[in-house]
file model14.cif (mmCIF, C-alpha atoms and all ligand atoms)
data_work
#
loop_
_atom_site.label_atom_id
_atom_site.label_comp_id
_atom_site.auth_asym_id
_atom_site.auth_seq_id
_atom_site.Cartn_x
_atom_site.Cartn_y
_atom_site.Cartn_z
CA MET A 1 0.00 0.00 0.00
CA THR A 2 1.14 3.58 -0.61
CA VAL A 3 0.54 6.63 1.55
CA ASN A 4 -1.91 7.90 -1.08
CA GLN A 5 -3.93 4.69 -0.74
CA LEU A 6 -3.75 4.86 3.06
CA ILE A 7 -5.28 8.33 2.86
CA THR A 8 -8.30 7.08 0.91
CA HIS A 9 -8.92 4.52 3.70
CA LEU A 10 -8.43 6.80 6.71
CA ASN A 11 -9.70 10.07 5.34
CA PRO A 12 -7.37 12.18 7.53
CA GLN A 13 -6.59 15.86 7.15
CA VAL A 14 -3.52 16.02 4.90
CA LEU A 15 -1.01 18.55 6.26
CA SER A 16 1.88 17.71 3.95
CA LEU A 17 2.16 15.16 1.17
CA PRO A 18 5.41 15.66 -0.74
CA GLU A 19 5.91 11.92 -1.32
CA GLY A 20 2.50 10.27 -1.47
CA ASP A 21 3.73 7.26 -3.42
CA LYS A 22 5.93 6.02 -0.56
CA THR A 23 5.29 2.41 0.43
CA VAL A 24 3.61 1.73 3.78
CA ARG A 25 4.68 -1.32 5.77
CA GLY A 26 3.71 -1.77 9.43
CA CYS A 27 3.28 0.79 12.17
CA TYR A 28 4.98 2.09 15.30
CA THR A 29 3.41 4.32 17.89
CA GLY A 30 5.26 6.43 20.45
CA ASP A 31 6.11 9.98 21.48
CA LEU A 32 9.63 9.69 22.87
CA LEU A 33 11.86 10.42 19.91
CA SER A 34 14.78 8.13 20.76
CA TRP A 35 12.40 5.22 21.21
CA VAL A 36 10.94 6.01 17.82
CA MET A 37 14.38 6.14 16.19
CA GLY A 38 15.42 2.94 17.92
CA LYS A 39 12.32 0.89 17.20
CA THR A 40 10.70 2.01 13.93
CA ARG A 41 11.59 0.28 10.72
CA ALA A 42 11.83 1.89 7.33
CA CYS A 43 8.38 2.38 5.72
CA ASN A 44 6.48 2.21 9.03
CA VAL A 45 3.61 4.56 9.72
CA TRP A 46 4.53 6.57 12.85
CA VAL A 47 1.54 7.36 15.06
CA THR A 48 2.15 10.05 17.67
CA ILE A 49 0.71 13.06 19.45
CA MET A 50 4.04 14.92 19.25
CA SER A 51 3.93 17.82 16.84
CA ASN A 52 7.07 19.89 17.43
CA ILE A 53 9.85 20.81 15.02
CA ASN A 54 11.87 17.66 15.77
CA VAL A 55 9.11 15.42 14.38
CA PRO A 56 9.90 16.03 10.69
CA ALA A 57 13.62 15.56 11.38
CA VAL A 58 13.08 12.23 13.14
CA ALA A 59 10.58 11.07 10.52
CA SER A 60 12.99 11.85 7.72
CA LEU A 61 16.01 10.20 9.37
CA ALA A 62 14.02 7.11 10.35
CA ASP A 63 12.58 6.71 6.81
CA VAL A 64 9.00 6.34 8.00
CA SER A 65 6.41 6.44 5.21
CA CYS A 66 4.25 8.99 7.00
CA VAL A 67 3.48 10.51 10.38
CA ILE A 68 -0.09 10.38 11.68
CA ILE A 69 -0.65 12.90 14.45
CA GLY A 70 -3.62 12.05 16.65
CA GLU A 71 -5.98 14.03 18.90
CA ASN A 72 -5.97 16.85 16.32
CA ALA A 73 -2.70 18.04 17.88
CA ARG A 74 -1.97 20.28 14.95
CA PRO A 75 1.68 21.33 14.43
CA GLU A 76 2.70 24.93 13.83
CA ASP A 77 3.06 26.12 10.23
CA ASP A 78 6.88 26.08 10.35
CA VAL A 79 6.77 22.38 11.26
CA ILE A 80 4.57 21.66 8.25
CA ALA A 81 6.87 23.71 6.01
CA MET A 82 9.85 21.75 7.29
CA ALA A 83 8.04 18.48 6.58
CA GLU A 84 7.33 19.58 2.99
CA ALA A 85 10.97 20.52 2.50
CA ARG A 86 12.24 17.21 3.86
CA GLY A 87 9.86 14.93 2.01
CA VAL A 88 7.87 14.00 5.13
CA ASN A 89 4.17 13.16 4.79
CA ILE A 90 2.07 14.34 7.76
CA LEU A 91 -1.57 13.43 8.34
CA LEU A 92 -3.80 14.73 11.14
CA MET A 93 -6.70 12.85 12.75
CA PRO A 94 -9.07 13.57 15.65
CA ASP A 95 -8.75 10.00 16.99
CA SER A 96 -6.50 8.86 19.84
CA ALA A 97 -3.31 6.97 19.02
CA TYR A 98 -5.11 3.81 20.17
CA ASP A 99 -8.02 4.33 17.79
CA ILE A 100 -5.70 5.18 14.90
CA CYS A 101 -3.78 1.95 15.48
CA ILE A 102 -7.02 -0.05 15.50
CA LYS A 103 -7.94 1.46 12.14
CA LEU A 104 -4.46 0.75 10.79
CA SER A 105 -4.52 -2.85 11.94
CA LYS A 106 -7.60 -3.43 9.81
CA ILE A 107 -6.04 -2.13 6.60
CA LEU A 108 -2.29 -2.80 6.81
CA MET B 1 35.94 6.37 -5.33
CA SER B 2 39.60 5.52 -5.86
CA ASP B 3 41.65 3.59 -3.30
CA ASN B 4 42.95 6.22 -0.95
CA LYS B 5 40.40 8.89 -1.62
CA LYS B 6 38.44 10.02 1.41
CA LEU B 7 35.50 12.34 1.51
CA SER B 8 35.07 14.27 4.70
CA TYR B 9 32.50 16.74 5.91
CA CYS B 10 32.66 19.00 8.97
CA PHE B 11 29.78 20.71 10.72
CA ASP B 12 29.47 23.12 13.62
CA VAL B 13 26.62 22.04 15.86
CA ASP B 14 25.06 25.13 17.42
CA GLY B 15 24.36 24.58 21.11
CA ALA B 16 21.96 27.47 21.40
CA ASN B 17 19.65 26.59 18.56
CA PHE B 18 17.49 23.62 19.32
CA THR B 19 15.28 23.92 16.26
CA SER B 20 18.14 23.62 13.79
CA ALA B 21 19.59 20.61 15.62
CA GLY B 22 19.77 17.73 13.23
CA GLU B 23 20.65 19.79 10.20
CA ALA B 24 24.08 18.17 9.89
CA SER B 25 22.56 14.68 9.94
CA VAL B 26 20.04 15.63 7.29
CA LYS B 27 22.82 16.98 5.04
CA VAL B 28 24.91 13.85 5.55
CA LYS B 29 21.93 11.69 4.73
CA LYS B 30 21.45 13.56 1.47
CA ARG B 31 25.10 13.16 0.50
CA LEU B 32 25.17 9.46 1.32
CA ARG B 33 22.08 9.01 -0.83
CA GLU B 34 23.75 10.85 -3.71
CA ALA B 35 26.83 8.66 -3.25
CA GLY B 36 24.63 5.59 -3.72
CA PHE B 37 24.91 3.86 -0.33
CA ASP B 38 22.15 1.39 0.49
CA PRO B 39 19.13 2.76 2.37
CA GLU B 40 19.64 0.71 5.56
CA THR B 41 23.27 1.87 5.91
CA ILE B 42 22.17 5.46 5.37
CA ARG B 43 19.42 5.06 7.96
CA ARG B 44 21.82 3.67 10.57
CA VAL B 45 24.44 6.37 10.00
CA SER B 46 22.01 9.26 10.00
CA ILE B 47 20.09 8.15 13.12
CA ALA B 48 23.34 7.55 15.06
CA MET B 49 24.65 10.92 14.00
CA TYR B 50 21.40 12.70 14.85
CA GLU B 51 21.34 11.20 18.36
CA GLY B 52 24.92 12.37 18.87
CA GLU B 53 24.17 15.80 17.50
CA ILE B 54 21.13 16.21 19.76
CA ASN B 55 23.19 15.07 22.76
CA MET B 56 25.79 17.76 22.05
CA VAL B 57 23.03 20.38 21.90
CA ILE B 58 21.22 19.21 25.05
CA HIS B 59 24.10 18.12 27.24
CA ALA B 60 27.23 19.91 26.01
CA GLY B 61 26.27 23.32 24.61
CA GLY B 62 27.13 22.33 21.04
CA GLY B 63 30.20 20.92 19.36
CA LYS B 64 31.61 19.68 16.10
CA ALA B 65 30.61 16.79 13.88
CA GLU B 66 32.86 15.24 11.28
CA VAL B 67 31.91 12.49 8.86
CA VAL B 68 34.55 10.62 6.90
CA ILE B 69 33.48 8.39 4.04
CA GLU B 70 35.99 5.76 3.02
CA GLU B 71 35.87 2.85 0.64
CA ASP B 72 34.72 0.32 3.24
CA ARG B 73 33.43 2.42 6.14
CA ILE B 74 31.72 5.58 7.29
CA VAL B 75 33.19 7.19 10.41
CA ILE B 76 31.34 9.78 12.51
CA ILE B 77 33.37 11.83 14.99
CA LEU B 78 31.54 14.07 17.46
CA THR B 79 33.61 16.39 19.63
CA ASP B 80 32.40 18.78 22.29
CA GLU B 81 33.82 20.83 25.12
CA GLY B 82 30.90 20.23 27.45
CA PRO B 83 30.88 18.91 31.02
CA GLY B 84 31.90 15.36 30.08
CA ILE B 85 30.22 12.13 31.16
CA ALA B 86 30.93 11.09 34.75
CA ASP B 87 30.02 7.42 34.43
CA ILE B 88 29.98 6.10 30.87
CA ASP B 89 28.60 2.65 31.80
CA GLN B 90 25.67 4.31 33.53
CA ALA B 91 25.10 6.73 30.63
CA MET B 92 25.00 3.78 28.22
CA GLN B 93 22.13 2.13 30.09
CA GLU B 94 18.71 2.33 28.47
CA GLY B 95 16.61 4.82 30.42
CA PHE B 96 19.42 6.75 32.11
CA SER B 97 19.04 10.47 31.45
CA THR B 98 19.94 13.76 33.07
CA ALA B 99 17.86 15.78 30.59
CA PRO B 100 15.87 18.63 32.19
CA ASP B 101 12.07 18.86 32.04
CA ASN B 102 11.94 21.40 29.20
CA ILE B 103 13.88 18.96 27.03
CA ARG B 104 11.65 16.06 28.03
CA SER B 105 8.59 17.99 26.93
CA LEU B 106 10.10 18.05 23.42
CA GLY B 107 10.21 14.26 23.35
CA PHE B 108 13.88 13.82 24.26
CA GLY B 109 15.32 12.57 27.53
CA ALA B 110 14.24 8.94 27.35
CA GLY B 111 17.82 7.84 27.90
CA MET B 112 17.81 5.92 24.62
CA GLY B 113 20.18 8.01 22.51
CA LEU B 114 23.53 6.45 23.41
CA PRO B 115 22.08 2.90 23.27
CA ASN B 116 20.70 3.70 19.79
CA MET B 117 24.09 5.00 18.68
CA LYS B 118 25.68 1.75 19.80
CA ARG B 119 22.98 -0.40 18.25
CA TYR B 120 23.10 1.29 14.86
CA THR B 121 26.88 1.36 14.46
CA ASP B 122 29.49 -1.41 14.29
CA GLU B 123 31.94 0.30 16.64
CA MET B 124 31.55 3.12 19.13
CA VAL B 125 34.27 4.59 21.31
CA ILE B 126 33.54 7.22 23.96
CA ASP B 127 36.40 9.30 25.29
CA SER B 128 35.12 11.69 27.93
CA ARG B 129 36.82 13.85 30.54
CA LEU B 130 34.94 15.64 33.28
CA GLY B 131 35.09 19.37 32.83
CA LYS B 132 36.91 19.01 29.48
CA GLY B 133 34.52 17.41 27.04
CA THR B 134 33.52 14.32 25.12
CA LYS B 135 34.65 12.70 21.89
CA ILE B 136 32.54 9.93 20.39
CA THR B 137 33.77 7.98 17.38
CA MET B 138 31.33 5.70 15.58
CA THR B 139 32.11 3.44 12.63
CA VAL B 140 29.74 1.75 10.22
CA TYR B 141 31.26 -0.77 7.78
CA VAL B 142 29.72 -0.87 4.35
N1 LIG C 1 27.96 14.86 24.74
C1 LIG C 1 27.61 14.67 26.03
N2 LIG C 1 28.15 15.46 27.01
C2 LIG C 1 27.81 15.27 28.31
N3 LIG C 1 26.93 14.34 28.73
C3 LIG C 1 26.36 13.55 27.82
C4 LIG C 1 26.65 13.67 26.42
N4 LIG C 1 25.95 12.72 25.77
C5 LIG C 1 25.23 12.05 26.69
N5 LIG C 1 25.47 12.53 27.93
C6 LIG C 1 24.91 12.02 29.21
O1 LIG C 1 24.48 10.68 29.02
C7 LIG C 1 23.08 10.58 29.34
C8 LIG C 1 22.44 9.53 28.44
O2 LIG C 1 22.45 9.99 27.08
P1 LIG C 1 21.33 9.44 26.06
O3 LIG C 1 21.53 10.06 24.75
O4 LIG C 1 21.34 7.95 26.12
O5 LIG C 1 19.95 9.93 26.73
P2 LIG C 1 19.30 11.38 26.74
O6 LIG C 1 20.00 12.27 25.76
O7 LIG C 1 19.25 11.84 28.13
O8 LIG C 1 17.83 11.05 26.23
P3 LIG C 1 17.41 10.65 24.71
O9 LIG C 1 18.66 10.43 23.94
O10 LIG C 1 16.58 9.41 24.84
O11 LIG C 1 16.62 11.80 24.20
C9 LIG C 1 22.54 11.99 29.17
O12 LIG C 1 21.34 12.20 29.89
C10 LIG C 1 23.70 12.82 29.70
O13 LIG C 1 23.73 12.82 31.11
MG MG C 2 20.31 11.61 23.81
#
call {"tool": "encode", "arguments": {"input": "model14.cif", "output": "structure tokens"}}
result
Amino acid sequence: MTVNQLITHLNPQVLSLPEGDKTVRGCYTGDLLSWVMGKTRACNVWVTIMSNINVPAVASLADVSCVIIGENARPEDDVIAMAEARGVNILLMPDSAYDICIKLSKIL
Amino acid sequence: MSDNKKLSYCFDVDGANFTSAGEASVKVKKRLREAGFDPETIRRVSIAMYEGEINMVIHAGGGKAEVVIEEDRIVIILTDEGPGIADIDQAMQEGFSTAPDNIRSLGFGAGMGLPNMKRYTDEMVIDSRLGKGTKITMTVYV
């Protein structure tokens, strides 16, 4: 599945989508950035409620396919601009991380 | 790349600017990609370097990062003149952190950075002196 296809299933708010054809494989959820860097695998979806400027950096270095931010915890505009510039896809949903993961487990 | 040709890149890591932390790792990642290294090697190198860079910003007031690309290895050398690490064995343990609350609220301070650096590289040497600074050398064989 690609990020574009994931979007048609989840219907999230799309905050940045510079590389929608990235492949999606598996999921990791967490907010502590070193845990995320230590445990995610390339192409994972990263589900989090973190939305600060370090999120696009971590997402780009860890090669995740996209970040899904839950609880409508919308990042600032400069974070979204950074994500665009670094090829990081960011989606926003009103659901909790738990509910997002349940939805993902049904489609991934 | 010919036999004895080395490529090396140096970066100043600004200790005062938390938002630009990680810029050096992102640049290195781009260059490794252009040089055609495989994605998993690039991922390991850039995460290890980012963790080290962030540590210099949080714990040492900044420092220098050097990356040397050789035929068979990538070497990352991080040097700072911060407070040094009192007990390296303790610092290497998962979960040990002295990060202050304002750093924790940004998502750092889990005490997982040094363990990640070790896990993602083939060799890691820490040379630290209290009151003088810390030098961390990491090697990834390709
Ligand atoms: N360059 C450094 N100079 C001085 N102390 C350091 C340096 N790097 C690490 N330390 C010490 O080692 C501890 C453990 O580092 P580590 O990177 O594992 O965790 P952290 O930075 O506290 O949290 P995390 O990396 O999970 O965000 C730090 O809390 C700090 O006390
Ligand atoms: Mg750290």
call {"tool": "atom_distance", "arguments": {"input": "model14.cif", "atom1": "CA of Gly133 in chain B", "atom2": "CA of Asn55 in chain B"}}
result
12.3 Å
call {"tool": "residues_near_ligand", "arguments": {"input": "model14.cif", "ligand": "ligand MG 2 (chain C)", "cutoff": "10 Å", "atoms": "all atoms listed in the file", "output": "PyMOL selection string"}}
result
(chain A and resi 33-34) or (chain B and resi 50-59+91+96-99+108-117)
call {"tool": "closest_residue", "arguments": {"input": "model14.cif", "among": "A:Ser65, A:Ser51, A:Asn72, A:Ser105", "to": "chain B", "atoms": "only C-alpha atoms"}}
result
A:Ser51
call {"tool": "residues_around", "arguments": {"input": "model14.cif", "residues": "Leu32 in chain A", "least_positions_apart": "6", "cutoff": "12 Å", "atoms": "all atoms listed in the file", "output": "list in words"}}
result
Gly38, Lys39, Thr40, Trp46, Val47, Thr48, Ile49, Met50, Ser51, Asn52, Asn54, Val55 and Val58 of chain A; Gly95, Ile103, Arg104, Ser105, Leu106, Gly107, Phe108, Gly109, Ala110, Gly111, Met112 and Gly113 of chain B
call {"tool": "axis_aligned_box", "arguments": {"input": "model14.cif", "around": "ligand LIG 1 (chain C)", "padding_each_side": "6 Å", "output": "lines of an AutoDock Vina configuration file"}}
result
center_x = 22.4
center_y = 11.7
center_z = 27.5
size_x = 23.6
size_y = 19.5
size_z = 19.2
call {"tool": "atom_distance", "arguments": {"input": "model14.cif", "atom1": "CA of Pro18 in chain A", "atom2": "CA of Val67 in chain B"}}
result
28.4 Å
call {"tool": "residues_near_point", "arguments": {"input": "model14.cif", "point": "(2.8, -1.1, 6.9)", "cutoff": "12 Å", "atoms": "only C-alpha atoms", "output": "PyMOL selection string"}}
result
chain A and resi 1-3+5-6+22-28+40-47+64-66+101+104-108
call {"tool": "closest_residue", "arguments": {"input": "model14.cif", "among": "A:Ala97, A:Val36, A:Ile80, A:Val88", "to": "ligand LIG 1 (chain C)", "atoms": "all atoms listed in the file"}}
result
A:Val36
call {"tool": "closest_residue", "arguments": {"input": "model14.cif", "among": "A:Asn4, A:Ala57, A:Asp77, A:Tyr98", "to": "chain B", "atoms": "all atoms listed in the file"}}
result
A:Ala57
call {"tool": "closest_residue", "arguments": {"input": "model14.cif", "among": "B:Asp72, B:Gly61, B:Lys118, B:Glu81", "to": "Phe18 in chain B", "atoms": "only C-alpha atoms"}}
result
B:Gly61
call {"tool": "closest_residue", "arguments": {"input": "model14.cif", "among": "B:Met124, B:Ile85, B:Ile69, B:Leu32", "to": "ligand LIG 1 (chain C)", "atoms": "all atoms listed in the file"}}
result
B:Ile85
call {"tool": "residues_around", "arguments": {"input": "model14.cif", "residues": "Gly63 in chain B", "least_positions_apart": "3", "cutoff": "6 Å", "atoms": "all atoms listed in the file", "output": "PDB file with C-alpha atoms, keeping the file's coordinate frame"}}
result
ATOM      1  CA  VAL B  13      26.620  22.040  15.860  1.00  0.00           C
ATOM      2  CA  THR B  79      33.610  16.390  19.630  1.00  0.00           C
ATOM      3  CA  ASP B  80      32.400  18.780  22.290  1.00  0.00           C
TER       4      ASP B  80
END
call {"tool": "atom_distance", "arguments": {"input": "model14.cif", "atom1": "CA of Val67 in chain A", "atom2": "CA of Asn89 in chain A"}}
result
6.2 Å
call {"tool": "closest_residue", "arguments": {"input": "model14.cif", "among": "B:Lys132, B:Arg73, B:Arg43, B:Arg31", "to": "chain A", "atoms": "all atoms listed in the file"}}
result
B:Arg43
call {"tool": "residues_near_point", "arguments": {"input": "model14.cif", "point": "(32.6, 2.5, 29.5)", "cutoff": "9 Å", "atoms": "only C-alpha atoms", "output": "ChimeraX atom specification"}}
result
/B:87-92,125-127
call {"tool": "residues_around", "arguments": {"input": "model14.cif", "residues": "Ser8 in chain B", "least_positions_apart": "2", "cutoff": "12 Å", "atoms": "only C-alpha atoms", "output": "list of chain:residue names"}}
result
B:Lys5, B:Lys6, B:Cys10, B:Phe11, B:Val28, B:Arg31, B:Leu32, B:Ala65, B:Glu66, B:Val67, B:Val68, B:Ile69, B:Glu70, B:Ile74, B:Val75, B:Ile76, B:Ile77
call {"tool": "residues_around", "arguments": {"input": "model14.cif", "residues": "Ser25 in chain B", "least_positions_apart": "3", "cutoff": "9 Å", "atoms": "all atoms listed in the file", "output": "PDB file with C-alpha atoms, in the frame of the given file"}}
result
ATOM      1  CA  LEU A  61      16.010  10.200   9.370  1.00  0.00           C
TER       2      LEU A  61
ATOM      3  CA  ALA B  21      19.590  20.610  15.620  1.00  0.00           C
ATOM      4  CA  GLY B  22      19.770  17.730  13.230  1.00  0.00           C
ATOM      5  CA  VAL B  28      24.910  13.850   5.550  1.00  0.00           C
ATOM      6  CA  LYS B  29      21.930  11.690   4.730  1.00  0.00           C
ATOM      7  CA  LYS B  30      21.450  13.560   1.470  1.00  0.00           C
ATOM      8  CA  VAL B  45      24.440   6.370  10.000  1.00  0.00           C
ATOM      9  CA  SER B  46      22.010   9.260  10.000  1.00  0.00           C
ATOM     10  CA  ILE B  47      20.090   8.150  13.120  1.00  0.00           C
ATOM     11  CA  ALA B  48      23.340   7.550  15.060  1.00  0.00           C
ATOM     12  CA  MET B  49      24.650  10.920  14.000  1.00  0.00           C
ATOM     13  CA  TYR B  50      21.400  12.700  14.850  1.00  0.00           C
ATOM     14  CA  GLU B  53      24.170  15.800  17.500  1.00  0.00           C
TER      15      GLU B  53
END
call {"tool": "build_atoms", "arguments": {"input": "model14.cif", "residues": "range 82-92 of chain A", "atoms": "all heavy atoms", "output": "short mmCIF file (atom, residue, chain, number, x, y, z; two decimals), in the frame of the given file"}}
result
data_model
loop_
_atom_site.label_atom_id
_atom_site.label_comp_id
_atom_site.auth_asym_id
_atom_site.auth_seq_id
_atom_site.Cartn_x
_atom_site.Cartn_y
_atom_site.Cartn_z
N MET A 82 8.66 22.58 7.17
CA MET A 82 9.85 21.75 7.29
C MET A 82 9.59 20.34 6.75
O MET A 82 10.41 19.74 6.06
CB MET A 82 10.27 21.68 8.77
CG MET A 82 11.33 20.68 9.11
SD MET A 82 12.96 21.35 8.94
CE MET A 82 13.13 22.21 10.51
N ALA A 83 8.41 19.81 7.06
CA ALA A 83 8.04 18.48 6.58
C ALA A 83 7.99 18.47 5.05
O ALA A 83 8.53 17.56 4.41
CB ALA A 83 6.70 18.07 7.17
N GLU A 84 7.37 19.46 4.46
CA GLU A 84 7.33 19.58 2.99
C GLU A 84 8.73 19.55 2.42
O GLU A 84 9.03 18.82 1.49
CB GLU A 84 6.65 20.91 2.58
CG GLU A 84 5.15 20.93 2.72
CD GLU A 84 4.43 20.15 1.62
OE1 GLU A 84 5.08 19.72 0.66
OE2 GLU A 84 3.20 19.95 1.77
N ALA A 85 9.60 20.36 3.02
CA ALA A 85 10.97 20.52 2.50
C ALA A 85 11.77 19.22 2.63
O ALA A 85 12.65 18.95 1.83
CB ALA A 85 11.67 21.65 3.23
N ARG A 86 11.45 18.43 3.63
CA ARG A 86 12.24 17.21 3.86
C ARG A 86 11.57 15.95 3.34
O ARG A 86 11.98 14.84 3.64
CB ARG A 86 12.52 17.07 5.35
CG ARG A 86 13.47 18.15 5.80
CD ARG A 86 14.08 17.87 7.13
NE ARG A 86 15.08 18.88 7.43
CZ ARG A 86 15.57 19.10 8.64
NH1 ARG A 86 15.15 18.37 9.64
NH2 ARG A 86 16.48 20.02 8.83
N GLY A 87 10.50 16.11 2.59
CA GLY A 87 9.86 14.93 2.01
C GLY A 87 9.09 14.09 3.01
O GLY A 87 8.95 12.89 2.85
N VAL A 88 8.59 14.74 4.07
CA VAL A 88 7.87 14.00 5.13
C VAL A 88 6.36 14.22 4.99
O VAL A 88 5.88 15.34 5.01
CB VAL A 88 8.35 14.46 6.53
CG1 VAL A 88 7.50 13.81 7.62
CG2 VAL A 88 9.83 14.13 6.72
N ASN A 89 5.63 13.10 4.87
CA ASN A 89 4.17 13.16 4.79
C ASN A 89 3.59 13.25 6.19
O ASN A 89 3.92 12.42 7.05
CB ASN A 89 3.63 11.91 4.10
CG ASN A 89 4.26 11.70 2.72
OD1 ASN A 89 4.34 12.63 1.92
ND2 ASN A 89 4.74 10.49 2.46
N ILE A 90 2.71 14.23 6.44
CA ILE A 90 2.07 14.34 7.76
C ILE A 90 0.55 14.39 7.61
O ILE A 90 0.01 15.20 6.85
CB ILE A 90 2.54 15.60 8.54
CG1 ILE A 90 4.05 15.55 8.76
CG2 ILE A 90 1.82 15.68 9.89
CD1 ILE A 90 4.56 16.61 9.72
N LEU A 91 -0.11 13.50 8.35
CA LEU A 91 -1.57 13.43 8.34
C LEU A 91 -2.07 13.73 9.74
O LEU A 91 -1.41 13.38 10.72
CB LEU A 91 -2.03 12.03 7.91
CG LEU A 91 -1.32 11.44 6.69
CD1 LEU A 91 -1.79 10.00 6.44
CD2 LEU A 91 -1.55 12.31 5.46
N LEU A 92 -3.24 14.35 9.84
CA LEU A 92 -3.80 14.73 11.14
C LEU A 92 -5.16 14.07 11.31
O LEU A 92 -5.97 14.05 10.37
CB LEU A 92 -3.94 16.26 11.20
CG LEU A 92 -4.44 16.87 12.50
CD1 LEU A 92 -3.39 16.72 13.60
CD2 LEU A 92 -4.77 18.36 12.29
#
